[in-house]
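Q: So that we are looking at the same thing, I have put the structure below in structure tokens.
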Amino acid sequence: MLDLKGYGPALAEGAVVTIELAFLSLALALTLGLLGASAKLSGNRVLTGVATAYTTLIRGVPDLVMMLLFYYGGQVAVNALSDYLWETRQIDFFFQFDPFISGVVTIGLIFGAYMTETFRGAFLAVDVGQIEAAKAYGFSRWHTFRRVMIPQMLRHALPGIGNNWQVLLKTTALVSIIGLTDMVRVAEEAAKAERMPFHFFIPVAAVYLLLTAGSELFIKWLDKRANVGVVRGN
Amino acid sequence: MPDFIAEWLNENDIFNAMTLMEYWGGMVTTVQLVFLSLVIGLLIALPLAILRTVRNPFVSGPIWLYTYLFRGTPLLIQLYIIYYGVAQIPGIQETFWWTIFREPFYPALLAFTLNTAAYTTEILRGAIIATPNGEIEAAKAYGMGWLLRMRRIILPNAARRAVQAYSNEVIFMLHASAIASVVTIIDLTGAARNIYSRFYAPFEAFIFVALLYMVLTFILVFAFRKLENHLLRHQRPAGS
């Protein structure tokens, strides 16, 4: 059996951290994506401009640089705010900007930009007739959005969401660089201490492989379910 | 140098000639690393993609496994395995390979190359198998052999189909190369991290480097758009 030299529990805890981080980032990314896509399709010039600036900025900058900026810069910003509040209003406010929060915020922001594009394409793929029909039934704009657009859009968005999720999962490895004890970090420490890089990194790689392979199956199943009523032409 | 730039450079503590040279050095390293890994990766990916479409599972199977493993795990772990792992190969420290792999640049180059080759193989394979059957039948009808068909018909058209996805892969590689800084390479991100820790100025150090990456990204996007227009010029509507 695989002998993890006593690092087994730490690695397992690290794996849980990785998974938590991935799911929280996904939730943030989906929210931002939905907002971003709605803004881009709103027809409002300011909203469209803001959303376009967001997606363009994010796609131009490496994820690691963004993470370092949020992690180191976030703490400096919190410190400055804390000083300011204390000096002007005597309010004692402080919090530690920890790597987990920085990781969730950064990964959520990055994939929010990709999700924006995914959702935008999916919204555009919804048949206009559906929206007209909803209007004819007297649905309000919000009602049309929630009852007609969202359910039909999701079917088109699913493959894109799946791809983004796979990339997101692998991006979580980066938080080990800013000091979060996820499984990559534990493996790195163990590999250095025991001088056995293959011994510790290969199991971690296998966990990632398991996660991506499992996700692939799950997304396929979801896709099948979502397309139940659809006749596919050949 | 115009006076106002010289003045501005003298007045601030962070962006002096020395740190700018550090950024420049980092930029050179990043561009070298990304360019070399992309070129070598593409050269590896092309034959692999062709072999991956072969029906024989003993040929296509191992290639599938290779791309599956490298696409299913984070690049950071691949980098760690190669960077820390190479030193552990018994006896390597006595061979000439050690003089090469002792530098962090080469393990990083190897990791990046293998990673991008895996993604590129799948992109090219997708483009190759999307070749319309009629084109292949027509080529056969003209008496073209497998090699000629591949060279004259399948690959040129596959290149057109692949260029969009490949441009994404190139930009992905540029951004992914930032992790080279964790194995002590002074690339763009590495330079920014050094400057951050020297001045404790996260915003200046990282926002500046983010802008540099953005410039590189937009140059690539522009270049690929030109290339795409060039490759697809026959599809442009007549008269435009």
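Following the order of the structure tokens, chains are lettered A, B, ..., residues in each are numbered from 1, and ligands are numbered from 1.
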Which residues, written as a list of chain:residue names, have at least one atom at most 9 Å from stretch 73-79 of chain A, with only C-alpha atoms counted and residues fewer than 3 positions away on the same chain left out?
A: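 My list of contacting residues is A:Leu68, A:Leu69, A:Phe70, A:Ser82, A:Asp83, A:Tyr84, A:Phe93, A:Phe94, A:Phe95, A:Gln96, A:Phe97, A:Asp98, A:Ser102, B:Ala201, B:Pro202, B:Phe203, B:Phe206.
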Q: Show me, as a count of residues only, the residues of chain B whose atoms get within 10 Å of chain A, using only C-alpha atoms for the distance check.
A: 57
Q: Determine, counting only C-alpha atoms, which protein, DNA and RNA residues have an atom within 10 Å of an atom of stretch 120-126 of chain B; residues of the same chain fewer than 2 positions away are not included. Present the result as a compact mmCIF listing (two decimals) with C-alpha atoms, in the first residue's frame.
A:
```txt
# COMPACT_ATOMS: atom_id res chain seq x y z
CA LEU B 38 5.09 26.67 -27.79
CA GLY B 41 5.22 21.75 -28.16
CA LEU B 42 3.73 22.33 -31.61
CA LEU B 43 6.47 20.25 -33.25
CA ILE B 44 5.70 17.38 -30.87
CA ALA B 45 1.94 17.80 -31.15
CA LEU B 46 1.70 17.60 -34.92
CA PRO B 47 2.91 14.00 -35.35
CA LEU B 48 1.11 12.96 -32.17
CA ALA B 49 -2.17 14.41 -33.42
CA ILE B 50 -1.83 12.51 -36.70
CA LEU B 51 -0.97 9.27 -34.92
CA ARG B 52 -3.82 9.86 -32.48
CA THR B 53 -6.26 9.59 -35.40
CA ILE B 63 -1.09 9.20 -26.99
CA TRP B 64 -4.60 9.43 -25.57
CA TYR B 66 -0.49 11.14 -22.40
CA THR B 67 -2.90 13.94 -23.29
CA TYR B 68 -5.41 12.75 -20.70
CA ARG B 71 -4.77 17.81 -19.39
CA LEU B 114 4.87 18.68 -22.39
CA ASN B 115 1.76 20.47 -21.14
CA THR B 116 1.18 22.59 -24.22
CA ALA B 117 1.98 19.64 -26.50
CA ALA B 118 -0.82 17.67 -24.83
CA ILE B 128 -8.10 16.69 -38.36
CA ILE B 129 -11.08 14.47 -37.64
CA ALA B 130 -13.43 17.30 -38.62
CA THR B 131 -12.19 17.09 -42.21
CA LEU B 155 -3.43 19.42 -42.71
CA ALA B 158 -7.14 21.42 -40.30
CA ALA B 159 -4.82 24.36 -39.62
CA ARG B 161 -10.02 25.00 -38.22
CA ALA B 162 -7.48 24.84 -35.40
CA VAL B 163 -6.15 28.38 -35.42
CA GLN B 164 -8.84 29.87 -33.19
CA ALA B 165 -8.52 27.24 -30.47
CA TYR B 166 -4.75 27.36 -30.78
CA GLU B 169 -3.89 27.90 -26.00
CA VAL B 170 -1.06 30.36 -26.74
```
Q: Quick one: residues within 12 Å of A:Leu41, only C-alpha atoms counted, chain neighbours fewer than 6 positions away excluded, as a ChimeraX atom specification?
A: /A:34-35,47-52,116-117,119-124
Q: Quote the spacing between atom CA of B:Asp187 and atom CA of B:Arg102 in Å to one decimal place.
A: 17.1 Å
Q: Please report the interatomic distance between atom CA of B:Leu79 and atom CA of A:Val175 in Å with one decimal.
A: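 Answer for the atom CA of B:Leu79 to atom CA of A:Val175 separation: 15.1 Å.
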Q: Just give me the gap between atom CA of B:Ala180 and atom CA of B:Gly25 in Å, one decimal is fine.
A: 14.1 Å
Q: Do a neighbour search on B:Pro104 at 8 Å with only C-alpha atoms, toss out local chain neighbours closer than 6 positions, and write the hits as a ChimeraX atom specification.
A: /B:83,183-185
Q: How about saving the chosen residues, C-alpha atoms kept, as a compact mmCIF listing (two decimals), in the first residue's frame?
A:
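And here is the file that came out, out19.txt:
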```
# COMPACT_ATOMS: atom_id res chain seq x y z
CA TYR B 83 11.61 20.33 -11.08
CA VAL B 183 10.69 27.58 -9.00
CA THR B 184 12.94 30.65 -8.56
CA ILE B 185 12.91 31.74 -12.22
```
Q: Report as a PyMOL selection string all protein, DNA and RNA residues lying within 9 Å of stretch 17-24 of chain A, evaluated on only C-alpha atoms, omitting residues in the same chain fewer than 3 positions from it.
A: chain A and resi 12-14+27-29+100-101+103-104+107-108+165+168-169+171-173+175+180-184
Q: Rank B:Pro132, B:Ile40, B:Lys226, B:Thr30 by their smallest atom-to-atom distance to B:Ala191, using only C-alpha atoms, and report the top residue only.
A: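 Among B:Pro132, B:Ile40, B:Lys226, B:Thr30, it is B:Thr30 that comes nearest to B:Ala191.
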Q: Nearest to A:Asn164: which of A:Glu216, A:Asp3, A:Glu132, A:Asp223 is it, counting only C-alpha atoms?
A: A:Glu216
